[in-house]
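Working notes, beginning with the structure itself.
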Amino acid sequence: MLGEKEGATRVLDGIKDSHVVVASPRILVWSGEEGTVVTRSRVVFRPTHLVVPRPAAEHFTILDFKIGKNCQFDGSGGVPAGCFSGDLDAYSLDGDHPSEFLKRVKPDVPLALRLDVATPHHDLALRVQNTSPCAQNFHCAIFGILVE
């Protein structure tokens with residue numbers, strides 16, 4: 001899929017892990033409207049971080065995040081995209097080792113998430129609402145750990 005890096009392995013404190021980065025395509029969402037961005041991974045992984053670039057985070061609420069048919073948010077209502085904001089461009093992943101890229105953005109991402117395992121058969125879908133008075137582009141990056 002678009003912007004995906006996979007299979008980057010590092011050893012930290014004797015534990016081997018492999019990082020996966022899945023970048024979503026950009027979508028244009030009109031003022032006050034909802035949009036859904038959908039992507040897939042080519043590997044089985046457990047998402048740990050959702051990162052929305054600051055320019056998009058300022059203008060969006062994330063209404064739902066699904067892996068396959070399962071909602072990953074508990075409760076109703078949206079979550080401000082600013083809760084997941086970071087200084088990154090989801091398309092600047094080229095040439096970066098995903099673990100190094102994650103280290104660079106990690107201070108800007110307040111919480112690690114423990115989400116359902118995603119397989120190549122699962123859509124990763126975020127339903128968002130534009131809260132600004134103008135049309136805005138939305139995109140994000142989903143980081144995770146390879147499941148073997």
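Each chain in the structure tokens gets a letter, A, B, ..., in the order shown, and its residues are numbered from 1; ligands are numbered from 1 in order too.
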Item to complete: Please identify all polymer residues within 8 Å of A:Gln136, counting only C-alpha atoms, omitting same-chain residues fewer than 4 positions from it, and present them as a ChimeraX atom specification.
Response: /A:28-31,56,59,130,132
Worksheet entry | Residue contacts of A:Ala125 (7 Å, only C-alpha atoms) excluding same-chain residues fewer than 5 positions away, as a VMD selection string | chain A and resid 36 to 39 65 to 67
Selection to disk with N, CA and C atoms, as a short mmCIF file (atom, residue, chain, number, x, y, z; two decimals), in the first residue's frame:
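Below is the file that was written, again05.cif:
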```cif
data_model
loop_
_atom_site.label_atom_id
_atom_site.label_comp_id
_atom_site.auth_asym_id
_atom_site.auth_seq_id
_atom_site.Cartn_x
_atom_site.Cartn_y
_atom_site.Cartn_z
N THR A 36 -13.70 9.41 5.11
CA THR A 36 -13.08 8.19 5.61
C THR A 36 -11.82 7.91 4.79
N VAL A 37 -10.72 7.72 5.49
CA VAL A 37 -9.47 7.35 4.85
C VAL A 37 -9.25 5.87 5.15
N VAL A 38 -8.95 5.11 4.10
CA VAL A 38 -8.81 3.65 4.22
C VAL A 38 -7.48 3.23 3.62
N THR A 39 -6.78 2.36 4.33
CA THR A 39 -5.54 1.80 3.84
C THR A 39 -5.43 0.37 4.36
N PHE A 65 -12.14 4.78 14.43
CA PHE A 65 -10.95 4.11 13.90
C PHE A 65 -11.26 2.63 13.95
N LYS A 66 -11.34 2.01 12.78
CA LYS A 66 -11.66 0.58 12.71
C LYS A 66 -10.50 -0.19 12.11
N ILE A 67 -10.31 -1.38 12.67
CA ILE A 67 -9.43 -2.37 12.07
C ILE A 67 -10.36 -3.51 11.69
#
```
Worksheet item: From the list A:Ser41, A:Gln129, A:Ser24, A:Asn70, which residue is nearest A:Pro53 when using only C-alpha atoms?
Response: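 The closest residue to A:Pro53 is A:Ser24.
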Fill in: Selected residue, from A:Pro133, A:Pro120, A:Gly75, A:Gly68, that lies nearest to A:Glu33 when counting only C-alpha atoms
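With only C-alpha atoms as the atom set, the closest residue is A:Pro133.
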Could you give me, as a PDB file with C-alpha atoms, in the first residue's frame, the residues within 12 Å of A:Asp74, counting only C-alpha atoms and dropping anything in the same chain fewer than 2 positions from it?
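Just written: result_35.pdb:
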```
ATOM      1  CA  LEU A  63     -14.958   9.952  14.862  1.00  0.00           C
ATOM      2  CA  ASP A  64     -14.006   6.304  14.465  1.00  0.00           C
ATOM      3  CA  PHE A  65     -10.955   4.111  13.901  1.00  0.00           C
ATOM      4  CA  LYS A  66     -11.656   0.583  12.713  1.00  0.00           C
ATOM      5  CA  ASN A  70     -13.901  -3.677  14.961  1.00  0.00           C
ATOM      6  CA  CYS A  71     -14.031  -0.152  16.367  1.00  0.00           C
ATOM      7  CA  GLN A  72     -10.856   0.746  18.262  1.00  0.00           C
ATOM      8  CA  SER A  76     -19.239   7.460  21.559  1.00  0.00           C
ATOM      9  CA  GLY A  77     -18.191  10.866  20.349  1.00  0.00           C
ATOM     10  CA  GLY A  78     -15.110  11.977  18.528  1.00  0.00           C
ATOM     11  CA  VAL A  79     -11.539  12.428  19.667  1.00  0.00           C
ATOM     12  CA  LEU A 115      -5.055  -1.949  19.255  1.00  0.00           C
TER      13      LEU A 115
END
```
Fill in: For atom CA of A:Val128 and atom CA of A:Val22, the interatomic separation in Å (one decimal)
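Computing the Euclidean distance for atom CA of A:Val128 and atom CA of A:Val22 yields 17.7 Å.
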Fill in: Atomic separation - atom CA of A:Gly144 relative to atom CA of A:Arg54, Å
20.2 Å
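The space between atom CA of A:Arg127 and atom CA of A:Thr61 spans 8.7 Å.
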Item to complete: Rank A:His19, A:Arg26, A:Arg114, A:His122 by their smallest atom-to-atom distance to A:Cys140, using only C-alpha atoms, and report the top residue only.
Response: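 Smallest distance to A:Cys140 is found for A:Arg26.
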Item to complete: Using only C-alpha atoms, find the one residue out of A:Glu34, A:Ala118, A:Val51, A:Val20 that sits nearest to A:Thr131.
Response: A:Glu34
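Excluding A:Val43 itself and same-chain residues fewer than 2 positions from it, the residues having an atom within 10 Å of it are Glu6, Gly7, Val20, Arg40, Ser41, Phe45, Arg46, Ala118, Thr119, Pro120, His121, Leu146, Val147 and Glu148 of chain A, counting only C-alpha atoms.
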Resulting file, chosen residues, N, CA, C and O atoms, as a short mmCIF file (atom, residue, chain, number, x, y, z; two decimals), in the first residue's frame:
```cif
data_model
loop_
_atom_site.label_atom_id
_atom_site.label_comp_id
_atom_site.auth_asym_id
_atom_site.auth_seq_id
_atom_site.Cartn_x
_atom_site.Cartn_y
_atom_site.Cartn_z
N GLU A 6 8.18 -1.79 5.94
CA GLU A 6 7.99 -2.94 6.80
C GLU A 6 9.31 -3.66 7.02
O GLU A 6 10.26 -3.44 6.31
N GLY A 7 9.31 -4.50 8.05
CA GLY A 7 10.43 -5.39 8.27
C GLY A 7 11.66 -4.74 8.86
O GLY A 7 12.73 -5.33 8.85
N VAL A 20 6.50 -1.51 11.72
CA VAL A 20 5.75 -1.34 10.48
C VAL A 20 5.20 0.09 10.48
O VAL A 20 4.75 0.57 11.51
N ARG A 40 -4.42 -0.36 3.92
CA ARG A 40 -4.15 -1.73 4.37
C ARG A 40 -2.66 -1.94 4.50
O ARG A 40 -1.88 -1.31 3.81
N SER A 41 -2.30 -2.88 5.34
CA SER A 41 -0.91 -3.30 5.47
C SER A 41 -0.73 -4.57 4.65
O SER A 41 -1.68 -5.30 4.41
N PHE A 45 0.38 -7.02 11.80
CA PHE A 45 1.02 -6.18 12.80
C PHE A 45 0.00 -5.66 13.81
O PHE A 45 -1.19 -5.66 13.56
N ARG A 46 0.53 -5.23 14.97
CA ARG A 46 -0.32 -4.61 15.99
C ARG A 46 -0.01 -3.12 16.00
O ARG A 46 1.08 -2.71 16.39
N ALA A 118 -3.85 -6.21 13.03
CA ALA A 118 -4.31 -5.98 11.65
C ALA A 118 -3.61 -6.97 10.73
O ALA A 118 -2.43 -7.24 10.88
N THR A 119 -4.37 -7.54 9.80
CA THR A 119 -3.82 -8.46 8.80
C THR A 119 -3.99 -7.84 7.42
O THR A 119 -4.69 -6.83 7.27
N PRO A 120 -3.37 -8.41 6.40
CA PRO A 120 -3.56 -7.89 5.05
C PRO A 120 -5.03 -7.93 4.58
O PRO A 120 -5.39 -7.28 3.62
N HIS A 121 -5.87 -8.67 5.29
CA HIS A 121 -7.28 -8.76 4.92
C HIS A 121 -8.13 -7.69 5.61
O HIS A 121 -9.32 -7.59 5.35
N LEU A 146 5.43 -5.70 14.14
CA LEU A 146 5.18 -6.90 13.35
C LEU A 146 4.81 -8.06 14.27
O LEU A 146 5.43 -8.27 15.29
N VAL A 147 3.77 -8.80 13.90
CA VAL A 147 3.35 -9.98 14.66
C VAL A 147 3.81 -11.19 13.85
O VAL A 147 3.45 -11.36 12.70
N GLU A 148 4.61 -12.04 14.49
CA GLU A 148 5.14 -13.21 13.78
C GLU A 148 4.39 -14.45 14.17
O GLU A 148 3.83 -14.58 15.20
#
```
Worksheet item: Which residue out of A:Phe73, A:Ile145, A:Val44, A:Gly82 has the minimum interatomic distance to A:Glu58 when only C-alpha atoms are used?
Response: A:Gly82
